Number of protein chains: 2
Amino acid sequence: MSEIAADPSHPRYQSLLMRHRLEEAEKKGMLAGSALIAHGRGEAFDYLLGEQTIPSAMIATQQAVALMASANHPIISLNGNVVALAGKEVLHLAHQLKCPVEINIFYRTPERMEALLFHLNEIKQQEGLDVEIFGAEPDARIPGLEGPRANCSKQGIFESDVILVPLEDGDRCEALVAMGKTVLVIDLNPLSRTARMASVTIVDELTRVISNMNRILLSDESPQQVEKYQNAQILQEALAHIATFLSPEV
Amino acid sequence: MSEIAADPSHPRYQSLLMRHRLEEAEKKGMLAGSALIAHGRGEAFDYLLGEQTIPSAMIATQQAVALMASANHPIISLNGNVVALAGKEVLHLAHQLKCPVEINIFYRTPERMEALLFHLNEIKQQEGLDVEIFGAEPDARIPGLEGPRANCSKQGIFESDVILVPLEDGDRCEALVAMGKTVLVIDLNPLSRTARMASVTIVDELTRVISNMNRILLSDESPQQVEKYQNAQILQEALAHIATFLSPEV
């Protein structure tokens, strides 16, 4: 990795960097068994987007930032892959938004929770960030989900009004929408149930999205909602973009 | 896994079975670090095909079987994922075709080679199959490739005229084509360099393809080449299929 890290101009730099972060996270026990396969699925969809932020994704990103910035109780939900791939960047985002984060993982074990919390707290200290991290002691449940997956924090996800859930599964996205929350997702598959259920769907790669969000918040202007935002339109534009990429005529 | 193995009607049965096979192979040291991510990429493309063998893929499969059956020195090249996902089925195919197989892996280490050879020889014995397995002692090189990746067996891949290479990388596919071989590939991404370089490209999921090939060979008729086979047309049809799957109108 070291020679690659030294050369961001390498054509596979970004992809190898993400892989390196996942390997490191795996060693620390932060990931579920399905994490690498899920990442590979993402890689394929990103390939079909041309590994770029398409215009409709930037509109959705703008909308998501504006909704987070104007929320009463915004929160960012984190799973293992998000912490592994963009833990630092997400904590910077939460710091800028003055919102908490909550670790909310599908395959919940005490060991994984501890590894994720330790990693996030380490980043928080190193970067000098002021971010509340929920997840250690869940004291509420998301209605409609079964088992440990339903666990959440009352002051965190449960009471949030706007929630950013990168790389979420369909069931939980649906359950959060059913709670009346505004659910903002990052999902590279525009056909997934998560993508279709969400209030705002950003069809883009996680680290590009978080970096775009941080950039929007760092600019002087306060983020504005998109006029007449229509998520179905955003999804159609992502699908059309991929279809063009695949078009035999090209 | 046990309760899933008992219920092939489970909607995720096939996907979970493949994942289980990869987990087992990983424990045995058969896989490269990138194996699970590569599998995830395949899952995404298969999703876009509707997880089915599309008509153009069946035509390419028919063509590939006919070319293997009529070759002078056919061979099947195997990597870690192929052995993990379809080791048994591939050995049955080789047995039916009376052709050898050769382990030819990108990240070659003595440990991985040994684990793969051991696994294949175990299957061979259990199933009572008569298949020569090359790869243990490479004594030739594929021109145009560098390092251990170029290693192959003189009596195996080097002298073959028709070679079936499931899940191949683009470089090696190109090098094999440059040697004048008829190269048959299984690749779920119809846009990949492998897919575009090959003589015959089967855009379909590995285990479905091998199962289709075994079925064709078990039928009474001897496999016939497709009239006026055009690989570019096969690729276009796969792309068109995916584009339709993604079409916002649907």
# chains A, B, ... in the order shown; residues from 1 in each chain; ligands from 1

call {"tool": "residues_around", "arguments": {"residues": "Asn231 in chain A", "least_positions_apart": "4", "cutoff": "10 Å", "atoms": "only C-alpha atoms", "output": "short mmCIF file (atom, residue, chain, number, x, y, z; two decimals) with C-alpha atoms, in the first residue's frame"}}
result
data_model
loop_
_atom_site.label_atom_id
_atom_site.label_comp_id
_atom_site.auth_asym_id
_atom_site.auth_seq_id
_atom_site.Cartn_x
_atom_site.Cartn_y
_atom_site.Cartn_z
CA SER A 56 -28.26 14.39 -10.40
CA ILE A 59 -28.35 17.83 -6.70
CA ALA A 60 -29.36 15.12 -4.22
CA ALA A 195 -32.92 3.86 -2.99
CA ARG A 196 -36.62 3.73 -3.82
CA MET A 197 -37.83 4.11 -0.21
CA ALA A 198 -35.69 7.07 0.82
CA SER A 199 -36.67 10.74 0.94
CA VAL A 200 -33.40 11.68 -0.77
CA THR A 201 -31.20 9.13 -2.56
CA ILE A 202 -27.64 10.04 -3.44
CA LEU A 235 -33.29 8.06 -9.56
CA GLN A 236 -34.41 8.12 -13.19
CA GLU A 237 -31.49 10.31 -14.11
#

call {"tool": "residues_around", "arguments": {"residues": "His39 in chain B", "least_positions_apart": "4", "cutoff": "7 Å", "atoms": "only C-alpha atoms", "output": "ChimeraX atom specification"}}
result
/A:37,40 /B:35,43

call {"tool": "residues_around", "arguments": {"residues": "range 157-162 of chain A", "least_positions_apart": "4", "cutoff": "7 Å", "atoms": "only C-alpha atoms", "output": "JSON, numbers by chain"}}
result
{"A": [68, 71, 72, 73, 74, 75, 102, 140, 142, 152, 153, 181, 182, 183]}

call {"tool": "write_last_selection", "arguments": {"atoms": "C-alpha atoms", "output": "PDB file, in the first residue's frame"}}
result
ATOM      1  CA  MET A  68     -29.515  18.144   7.588  1.00  0.00           C
ATOM      2  CA  ALA A  71     -33.210  19.840  10.882  1.00  0.00           C
ATOM      3  CA  ASN A  72     -34.131  19.991  14.570  1.00  0.00           C
ATOM      4  CA  HIS A  73     -32.511  16.645  15.434  1.00  0.00           C
ATOM      5  CA  PRO A  74     -30.297  15.541  12.579  1.00  0.00           C
ATOM      6  CA  ILE A  75     -28.186  12.414  12.967  1.00  0.00           C
ATOM      7  CA  GLU A 102     -24.892   6.625  15.934  1.00  0.00           C
ATOM      8  CA  ALA A 140     -34.969   2.203  22.311  1.00  0.00           C
ATOM      9  CA  ILE A 142     -36.987   0.880  15.766  1.00  0.00           C
ATOM     10  CA  CYS A 152     -31.065   2.216  18.776  1.00  0.00           C
ATOM     11  CA  SER A 153     -30.550   5.136  21.142  1.00  0.00           C
ATOM     12  CA  LYS A 181     -38.334  10.532   9.546  1.00  0.00           C
ATOM     13  CA  THR A 182     -36.769  12.249   6.572  1.00  0.00           C
ATOM     14  CA  VAL A 183     -34.344   9.570   5.425  1.00  0.00           C
TER      15      VAL A 183
END

call {"tool": "interface_residues", "arguments": {"of": "chain B", "to": "chain A", "cutoff": "9 Å", "atoms": "only C-alpha atoms", "output": "CSV table (one decimal) with C-alpha atoms, in the first residue's frame"}}
result
chain,number,residue,atom,x,y,z
B,19,ARG,CA,-20.9,-17.0,0.0
B,23,GLU,CA,-16.0,-18.6,3.3
B,33,GLY,CA,-7.3,-11.0,-0.7
B,34,SER,CA,-9.3,-9.5,-3.4
B,35,ALA,CA,-11.5,-12.6,-3.9
B,36,LEU,CA,-14.6,-11.4,-1.9
B,37,ILE,CA,-14.6,-7.9,-3.5
B,38,ALA,CA,-14.4,-9.5,-6.9
B,39,HIS,CA,-17.3,-11.8,-6.0
B,40,GLY,CA,-19.3,-8.8,-5.0
B,41,ARG,CA,-18.7,-7.1,-8.3
B,42,GLY,CA,-20.0,-10.2,-10.0
B,43,GLU,CA,-23.1,-10.2,-7.8
B,44,ALA,CA,-23.9,-6.7,-8.9
B,45,PHE,CA,-23.6,-7.5,-12.6
B,189,ASN,CA,-19.2,-7.5,-17.1
B,190,PRO,CA,-19.8,-7.2,-20.9
B,191,LEU,CA,-17.7,-4.1,-21.0
B,235,LEU,CA,-21.9,-8.6,-26.1
B,236,GLN,CA,-24.3,-6.1,-27.6
B,237,GLU,CA,-27.3,-8.3,-26.6
B,239,LEU,CA,-25.6,-4.8,-22.8
B,240,ALA,CA,-29.1,-4.2,-24.3
B,242,ILE,CA,-29.0,-4.8,-18.8
B,243,ALA,CA,-30.1,-1.4,-20.3
B,244,THR,CA,-33.6,-2.7,-20.5
B,246,LEU,CA,-32.3,-0.4,-15.9
B,247,SER,CA,-34.8,1.4,-18.1
B,248,PRO,CA,-36.7,4.0,-16.1
B,249,GLU,CA,-39.8,3.2,-18.2

call {"tool": "residues_around", "arguments": {"residues": "Gly128 in chain B", "least_positions_apart": "3", "cutoff": "12 Å", "atoms": "only C-alpha atoms", "output": "PDB file with C-alpha atoms, in the first residue's frame"}}
result
ATOM      1  CA  LYS B  88     -16.662 -29.985  -8.300  1.00  0.00           C
ATOM      2  CA  LEU B  91     -14.025 -31.168 -12.686  1.00  0.00           C
ATOM      3  CA  HIS B  92     -17.152 -32.966 -13.892  1.00  0.00           C
ATOM      4  CA  HIS B  95     -14.127 -35.256 -17.127  1.00  0.00           C
ATOM      5  CA  LEU B 120      -9.197 -30.358  -6.372  1.00  0.00           C
ATOM      6  CA  ASN B 121      -7.512 -33.709  -5.834  1.00  0.00           C
ATOM      7  CA  GLU B 122      -9.852 -34.390  -2.948  1.00  0.00           C
ATOM      8  CA  ILE B 123     -12.900 -33.731  -5.156  1.00  0.00           C
ATOM      9  CA  LYS B 124     -11.412 -35.840  -7.937  1.00  0.00           C
ATOM     10  CA  GLN B 125     -11.069 -38.815  -5.636  1.00  0.00           C
ATOM     11  CA  VAL B 131      -8.984 -35.411 -14.903  1.00  0.00           C
TER      12      VAL B 131
END

call {"tool": "atom_distance", "arguments": {"atom1": "CA of Asp204 in chain B", "atom2": "CA of Tyr13 in chain A"}}
result
29.1 Å

call {"tool": "residues_around", "arguments": {"residues": "Pro138 in chain A", "least_positions_apart": "4", "cutoff": "12 Å", "atoms": "only C-alpha atoms", "output": "list in words"}}
result
Glu102, Ile103, Asn104, Ile105, Arg108, Pro110, Met113, Ile133, Phe134, Ile142, Pro148, Arg149, Ala150, Asn151, Cys152, Ser153, Lys154, Gln155, Gly156, Ile157 and Phe158 of chain A

call {"tool": "closest_residue", "arguments": {"among": "A:Val203, A:Val209, A:Leu22, A:Leu217", "to": "Ala66 in chain A", "atoms": "only C-alpha atoms"}}
result
A:Leu217

call {"tool": "residues_around", "arguments": {"residues": "Val165 in chain A", "least_positions_apart": "4", "cutoff": "7 Å", "atoms": "only C-alpha atoms", "output": "ChimeraX atom specification"}}
result
/A:76-78,184-186

call {"tool": "write_last_selection", "arguments": {"atoms": "N, CA and C atoms", "output": "PDB file, in the first residue's frame"}}
result
ATOM      1  N   ILE A  76     -26.418  11.145  11.934  1.00  0.00           N
ATOM      2  CA  ILE A  76     -25.808  10.308  10.900  1.00  0.00           C
ATOM      3  C   ILE A  76     -25.670   8.902  11.458  1.00  0.00           C
ATOM      4  N   SER A  77     -26.263   7.933  10.763  1.00  0.00           N
ATOM      5  CA  SER A  77     -26.189   6.537  11.187  1.00  0.00           C
ATOM      6  C   SER A  77     -24.980   5.888  10.524  1.00  0.00           C
ATOM      7  N   LEU A  78     -24.199   5.139  11.300  1.00  0.00           N
ATOM      8  CA  LEU A  78     -22.956   4.560  10.767  1.00  0.00           C
ATOM      9  C   LEU A  78     -22.959   3.052  10.890  1.00  0.00           C
ATOM     10  N   LEU A 184     -32.251  10.204   4.401  1.00  0.00           N
ATOM     11  CA  LEU A 184     -31.331  10.537   3.318  1.00  0.00           C
ATOM     12  C   LEU A 184     -30.345   9.387   3.170  1.00  0.00           C
ATOM     13  N   VAL A 185     -30.299   8.780   1.982  1.00  0.00           N
ATOM     14  CA  VAL A 185     -29.408   7.618   1.832  1.00  0.00           C
ATOM     15  C   VAL A 185     -28.360   7.847   0.742  1.00  0.00           C
ATOM     16  N   ILE A 186     -27.270   7.115   0.897  1.00  0.00           N
ATOM     17  CA  ILE A 186     -26.229   7.059  -0.130  1.00  0.00           C
ATOM     18  C   ILE A 186     -26.226   5.620  -0.614  1.00  0.00           C
TER      19      ILE A 186
END

call {"tool": "select_by_dssp", "arguments": {"residues": "range 4-249 of chain A", "states": "helix (DSSP H, G or I)", "output": "ChimeraX atom specification"}}
result
/A:4-5,13-27,35-48,55-69,80-97,110-127,147-150,154-158,170-178,193-197,206-218,231-246

call {"tool": "write_last_selection", "arguments": {"atoms": "C-alpha atoms", "output": "compact mmCIF listing (two decimals), in the first residue's frame"}}
result
# COMPACT_ATOMS: atom_id res chain seq x y z
CA ILE A 4 0.30 3.57 -3.75
CA ALA A 5 -0.50 5.92 -0.90
CA TYR A 13 -5.37 4.85 -6.31
CA GLN A 14 -8.86 5.48 -4.97
CA SER A 15 -9.96 1.89 -5.35
CA LEU A 16 -6.81 0.53 -3.71
CA LEU A 17 -7.05 3.06 -0.91
CA MET A 18 -10.62 1.94 -0.13
CA ARG A 19 -9.51 -1.69 -0.20
CA HIS A 20 -6.66 -0.86 2.15
CA ARG A 21 -9.04 0.85 4.58
CA LEU A 22 -11.31 -2.21 4.57
CA GLU A 23 -8.36 -4.52 5.22
CA GLU A 24 -7.27 -2.39 8.16
CA ALA A 25 -10.82 -2.33 9.52
CA GLU A 26 -11.13 -6.08 9.15
CA LYS A 27 -7.98 -6.58 11.20
CA ALA A 35 -18.52 -6.39 4.17
CA LEU A 36 -16.10 -7.10 1.33
CA ILE A 37 -18.77 -8.60 -0.92
CA ALA A 38 -20.97 -5.56 -0.29
CA HIS A 39 -18.04 -3.32 -1.17
CA GLY A 40 -17.49 -5.25 -4.40
CA ARG A 41 -21.13 -4.74 -5.36
CA GLY A 42 -20.62 -1.03 -4.80
CA GLU A 43 -17.50 -1.03 -6.95
CA ALA A 44 -19.45 -2.53 -9.85
CA PHE A 45 -22.19 0.09 -9.65
CA ASP A 46 -19.64 2.87 -9.33
CA TYR A 47 -17.91 1.52 -12.44
CA LEU A 48 -21.24 1.87 -14.27
CA PRO A 55 -25.09 15.89 -11.90
CA SER A 56 -28.26 14.39 -10.40
CA ALA A 57 -26.21 12.97 -7.51
CA MET A 58 -24.81 16.42 -6.82
CA ILE A 59 -28.35 17.83 -6.70
CA ALA A 60 -29.36 15.12 -4.22
CA THR A 61 -26.24 15.83 -2.16
CA GLN A 62 -27.08 19.55 -2.06
CA GLN A 63 -30.62 18.71 -0.96
CA ALA A 64 -29.42 16.30 1.74
CA VAL A 65 -27.00 18.85 3.20
CA ALA A 66 -29.70 21.52 3.27
CA LEU A 67 -32.14 19.16 5.02
CA MET A 68 -29.52 18.14 7.59
CA ALA A 69 -28.51 21.76 8.23
CA GLY A 80 -18.96 -0.94 9.74
CA ASN A 81 -18.19 -0.17 6.11
CA VAL A 82 -18.94 3.52 6.55
CA VAL A 83 -16.65 3.80 9.56
CA ALA A 84 -13.94 1.85 7.71
CA LEU A 85 -14.16 3.78 4.46
CA ALA A 86 -14.91 7.27 5.68
CA GLY A 87 -14.85 7.37 9.48
CA LYS A 88 -12.73 10.51 9.68
CA GLU A 89 -14.56 12.36 6.93
CA VAL A 90 -17.96 11.52 8.44
CA LEU A 91 -16.90 12.81 11.86
CA HIS A 92 -15.76 16.06 10.25
CA LEU A 93 -19.17 16.28 8.57
CA ALA A 94 -20.97 15.69 11.87
CA HIS A 95 -18.75 18.30 13.53
CA GLN A 96 -19.63 20.85 10.85
CA LEU A 97 -23.34 20.00 11.06
CA PRO A 110 -20.37 -6.53 21.47
CA GLU A 111 -16.91 -7.01 19.92
CA ARG A 112 -17.78 -5.22 16.69
CA MET A 113 -19.52 -2.38 18.55
CA GLU A 114 -16.49 -1.94 20.78
CA ALA A 115 -14.06 -1.95 17.85
CA LEU A 116 -16.13 0.64 15.98
CA LEU A 117 -16.57 2.89 19.02
CA PHE A 118 -12.88 2.70 19.84
CA HIS A 119 -11.92 3.61 16.27
CA LEU A 120 -14.33 6.57 16.12
CA ASN A 121 -13.28 7.91 19.50
CA GLU A 122 -9.66 7.67 18.44
CA ILE A 123 -10.35 9.74 15.31
CA LYS A 124 -12.37 12.23 17.35
CA GLN A 125 -9.45 12.83 19.70
CA GLN A 126 -6.81 12.95 16.96
CA GLU A 127 -8.82 15.43 14.91
CA GLY A 147 -33.82 -8.79 16.95
CA PRO A 148 -30.71 -6.74 17.73
CA ARG A 149 -31.01 -4.85 14.42
CA ALA A 150 -33.88 -2.85 15.92
CA LYS A 154 -33.55 7.14 22.28
CA GLN A 155 -31.68 10.44 22.16
CA GLY A 156 -30.03 9.46 18.90
CA ILE A 157 -31.74 7.75 15.98
CA PHE A 158 -35.07 7.28 17.76
CA GLY A 170 -33.78 -1.88 2.65
CA ASP A 171 -35.60 -3.15 5.73
CA ARG A 172 -34.18 -0.56 8.03
CA CYS A 173 -34.64 2.24 5.53
CA GLU A 174 -38.29 1.29 5.26
CA ALA A 175 -38.68 1.14 9.04
CA LEU A 176 -37.10 4.58 9.49
CA VAL A 177 -39.37 6.07 6.82
CA ALA A 178 -42.34 4.45 8.56
CA ARG A 193 -35.32 -0.91 -2.13
CA THR A 194 -33.35 1.55 -0.02
CA ALA A 195 -32.92 3.86 -2.99
CA ARG A 196 -36.62 3.73 -3.82
CA MET A 197 -37.83 4.11 -0.21
CA LEU A 206 -19.62 7.18 -0.18
CA THR A 207 -16.30 8.99 0.12
CA ARG A 208 -17.06 11.29 -2.81
CA VAL A 209 -20.41 12.18 -1.23
CA ILE A 210 -19.00 12.94 2.21
CA SER A 211 -16.25 15.00 0.62
CA ASN A 212 -18.83 16.93 -1.45
CA MET A 213 -20.94 17.51 1.67
CA ASN A 214 -17.97 18.81 3.64
CA ARG A 215 -17.07 21.12 0.75
CA ILE A 216 -20.63 22.51 0.56
CA LEU A 217 -20.60 23.23 4.30
CA LEU A 218 -17.18 24.86 4.14
CA ASN A 231 -36.35 11.98 -5.70
CA ALA A 232 -37.99 9.82 -8.38
CA GLN A 233 -36.52 12.14 -10.99
CA ILE A 234 -33.07 11.85 -9.40
CA LEU A 235 -33.29 8.06 -9.56
CA GLN A 236 -34.41 8.12 -13.19
CA GLU A 237 -31.49 10.31 -14.11
CA ALA A 238 -29.06 7.90 -12.45
CA LEU A 239 -30.61 4.97 -14.32
CA ALA A 240 -30.49 6.86 -17.59
CA HIS A 241 -26.82 7.69 -16.98
CA ILE A 242 -25.94 4.04 -16.46
CA ALA A 243 -28.01 2.97 -19.44
CA THR A 244 -26.07 5.43 -21.61
CA PHE A 245 -22.79 4.10 -20.21
CA LEU A 246 -23.92 0.61 -21.24

call {"tool": "atom_distance", "arguments": {"atom1": "CA of Lys28 in chain A", "atom2": "CA of Glu205 in chain A"}}
result
23.4 Å

call {"tool": "select_by_dssp", "arguments": {"residues": "range 92-209 of chain B", "states": "strand (DSSP E)", "output": "list in words"}}
result
Val101, Glu102, Ile103, Ile133, Phe134, Ala140, Arg141, Asn151, Cys152, Val162, Ile163, Leu164, Val165, Pro166, Thr182, Val183, Leu184, Val185, Ile186, Val200, Thr201 and Ile202 of chain B

call {"tool": "write_last_selection", "arguments": {"atoms": "C-alpha atoms", "output": "CSV table (one decimal), in the first residue's frame"}}
result
chain,number,residue,atom,x,y,z
B,101,VAL,CA,-7.5,-28.3,-16.0
B,102,GLU,CA,-4.7,-26.0,-14.9
B,103,ILE,CA,-4.5,-23.8,-11.8
B,133,ILE,CA,-4.6,-31.3,-13.0
B,134,PHE,CA,-1.7,-29.1,-14.1
B,140,ALA,CA,6.7,-22.6,-19.5
B,141,ARG,CA,5.7,-18.9,-19.6
B,151,ASN,CA,3.9,-19.2,-15.2
B,152,CYS,CA,2.1,-22.1,-16.9
B,162,VAL,CA,-8.8,-23.9,-27.0
B,163,ILE,CA,-8.9,-22.6,-23.5
B,164,LEU,CA,-11.9,-21.9,-21.2
B,165,VAL,CA,-10.9,-19.2,-18.7
B,166,PRO,CA,-13.7,-18.4,-16.2
B,182,THR,CA,-9.2,-19.6,-29.0
B,183,VAL,CA,-10.1,-18.1,-25.7
B,184,LEU,CA,-13.5,-18.7,-24.1
B,185,VAL,CA,-14.4,-16.6,-21.1
B,186,ILE,CA,-17.1,-16.3,-18.5
B,200,VAL,CA,-16.3,-16.3,-27.0
B,201,THR,CA,-17.7,-14.3,-24.0
B,202,ILE,CA,-20.3,-15.9,-21.8
